[in-house]
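Student: Sharing a structure here in structure tokens format.
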Amino acid sequence: MEMPLDEPFLKRTTIRVRDMDKAIAFYEGVIGMTQYYNNEVLLDRHFLPGEKPGDKIHLVIMKGQDPVIGMIGLLKWLDPPQSPPPVSYDFDFGQPVFVVQCPDAQALYEKAKALGCKIRSALTETEYPAAAGGTVKVRSVGLFDPDGHFFECNQRL
């Protein structure tokens, strides 16, 4: 189902991954997403930076609870093969922070540990100023996916 296009909206973020199987295991097993699309694609439009005609990628689109927004694309370059840089586990310009609302931060934390994810910040509880005034109390865990993308996972208390 497509949303009406009265105004632009952010539909999906696509990130490059080193190992598609590890990435899928993280997004399914820890974040709780499901596969929406899984295909190899031959590139020919000069649309992606660094793309050359005839390059081949593997694209998997993961979806959450909403059928349209909040999707994450996982992109792995297949041909020509590429050697990615080591994972840095930093937060620098050009690197996003993904914020996930979860029903049970403790369970998400345990799933991430079982999968061998790098944990930046184990379970913590804190209060933030709410957008409409007052405060919001959350239980959070900060962790990285297999490619070093940072996730702030919050359970509202």
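Residue numbers start at 1 in each chain; chains themselves are named A, B, ... in the order of the structure tokens; ligands are numbered from 1 in the order shown.
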Residues of region 1-75 of chain A classed as alpha helix (DSSP H) by DSSP on the backbone are to be reported as a list in words.

Tutor: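 Those residues are Met20, Asp21, Lys22, Ala23, Ile24, Ala25, Phe26, Tyr27, Glu28 and Gly29 of chain A.
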
Student: Could you dump the residues just selected with N, CA, C and O atoms as a short mmCIF file (atom, residue, chain, number, x, y, z; two decimals), in the first residue's frame?

Tutor:
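Output file out.cif is given in full below:
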data_model
loop_
_atom_site.label_atom_id
_atom_site.label_comp_id
_atom_site.auth_asym_id
_atom_site.auth_seq_id
_atom_site.Cartn_x
_atom_site.Cartn_y
_atom_site.Cartn_z
N MET A 20 25.78 -10.27 3.93
CA MET A 20 24.32 -10.18 3.88
C MET A 20 23.67 -11.12 4.89
O MET A 20 22.69 -10.75 5.53
N ASP A 21 24.19 -12.32 5.05
CA ASP A 21 23.59 -13.27 6.00
C ASP A 21 23.64 -12.74 7.43
O ASP A 21 22.67 -12.84 8.18
N LYS A 22 24.78 -12.17 7.83
CA LYS A 22 24.90 -11.60 9.18
C LYS A 22 23.96 -10.41 9.35
O LYS A 22 23.36 -10.24 10.41
N ALA A 23 23.87 -9.57 8.32
CA ALA A 23 22.99 -8.40 8.40
C ALA A 23 21.53 -8.84 8.54
O ALA A 23 20.80 -8.32 9.39
N ILE A 24 21.10 -9.80 7.72
CA ILE A 24 19.72 -10.28 7.81
C ILE A 24 19.46 -10.88 9.19
O ILE A 24 18.41 -10.63 9.80
N ALA A 25 20.40 -11.66 9.71
CA ALA A 25 20.23 -12.27 11.03
C ALA A 25 20.03 -11.19 12.10
O ALA A 25 19.19 -11.35 13.00
N PHE A 26 20.76 -10.07 12.01
CA PHE A 26 20.61 -8.98 12.98
C PHE A 26 19.23 -8.33 12.85
O PHE A 26 18.52 -8.17 13.85
N TYR A 27 18.85 -7.94 11.65
CA TYR A 27 17.60 -7.20 11.48
C TYR A 27 16.37 -8.06 11.75
O TYR A 27 15.36 -7.57 12.23
N GLU A 28 16.46 -9.36 11.47
CA GLU A 28 15.35 -10.26 11.80
C GLU A 28 15.38 -10.65 13.28
O GLU A 28 14.36 -10.56 13.97
N GLY A 29 16.54 -11.09 13.75
CA GLY A 29 16.62 -11.67 15.08
C GLY A 29 16.64 -10.68 16.22
O GLY A 29 16.16 -10.98 17.32
#

Student: Near region 85-98 of chain A, counting only C-alpha atoms, which residues have an atom at most 6 Å away, once you skip same-chain residues fewer than 3 positions from it, shown as an mmCIF file with all heavy atoms, in the first residue's frame?

Tutor:
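Done, and the output landed in around.cif:
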data_model
loop_
_atom_site.group_PDB
_atom_site.id
_atom_site.type_symbol
_atom_site.label_atom_id
_atom_site.label_comp_id
_atom_site.auth_asym_id
_atom_site.auth_seq_id
_atom_site.Cartn_x
_atom_site.Cartn_y
_atom_site.Cartn_z
ATOM 1 N N GLY A 148 28.650 -1.936 12.009
ATOM 2 C CA GLY A 148 29.049 -0.762 12.783
ATOM 3 C C GLY A 148 28.033 0.362 12.799
ATOM 4 O O GLY A 148 28.359 1.458 13.248
ATOM 5 N N PHE A 150 25.072 2.297 14.464
ATOM 6 C CA PHE A 150 24.669 2.384 15.864
ATOM 7 C C PHE A 150 23.150 2.406 16.002
ATOM 8 O O PHE A 150 22.454 3.110 15.265
ATOM 9 C CB PHE A 150 25.264 3.632 16.521
ATOM 10 C CG PHE A 150 24.957 3.705 17.987
ATOM 11 C CD1 PHE A 150 25.583 2.842 18.875
ATOM 12 C CD2 PHE A 150 24.041 4.609 18.467
ATOM 13 C CE1 PHE A 150 25.291 2.894 20.235
ATOM 14 C CE2 PHE A 150 23.743 4.672 19.822
ATOM 15 C CZ PHE A 150 24.372 3.812 20.707
ATOM 16 N N PHE A 151 22.660 1.645 16.982
ATOM 17 C CA PHE A 151 21.232 1.565 17.280
ATOM 18 C C PHE A 151 20.988 1.944 18.732
ATOM 19 O O PHE A 151 21.596 1.383 19.645
ATOM 20 C CB PHE A 151 20.710 0.139 17.035
ATOM 21 C CG PHE A 151 20.465 -0.155 15.598
ATOM 22 C CD1 PHE A 151 21.528 -0.402 14.752
ATOM 23 C CD2 PHE A 151 19.184 -0.148 15.081
ATOM 24 C CE1 PHE A 151 21.319 -0.653 13.404
ATOM 25 C CE2 PHE A 151 18.972 -0.398 13.738
ATOM 26 C CZ PHE A 151 20.044 -0.649 12.898
#

Student: One number please: CA of Gly64 (chain A) to CA of Thr34 (chain A), in Å, one decimal.

Tutor: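 Between CA of Gly64 (chain A) and CA of Thr34 (chain A) the gap is 6.6 Å.
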
Student: I'd like to know which residues of region 20-154 of chain A are strand (DSSP E) (by DSSP, run on the backbone); could you write them as an NGL selection string?

Tutor: :A and (34-42 or 56-63 or 71-79 or 97-101 or 119-129 or 135-144 or 150-154)

Student: With distances taken over only C-alpha atoms, which residue among A:Ile61, A:Leu115, A:Leu10, A:Leu75 lies nearest Met33 (chain A)?

Tutor: A:Ile61

Student: So, with only C-alpha atoms as the atoms that count, which of A:Cys153, A:Met62, A:Val136, A:Val100 lies closest to Ala122 (chain A)?

Tutor: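 Under the stated criterion, the closest residue is A:Cys153.
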
Student: As an exercise, work out the distance from CA of Glu110 (chain A) to CA of Val30 (chain A) in Å and give it to one decimal place.

Tutor: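 CA of Val30 (chain A) lies 8.8 Å from CA of Glu110 (chain A).
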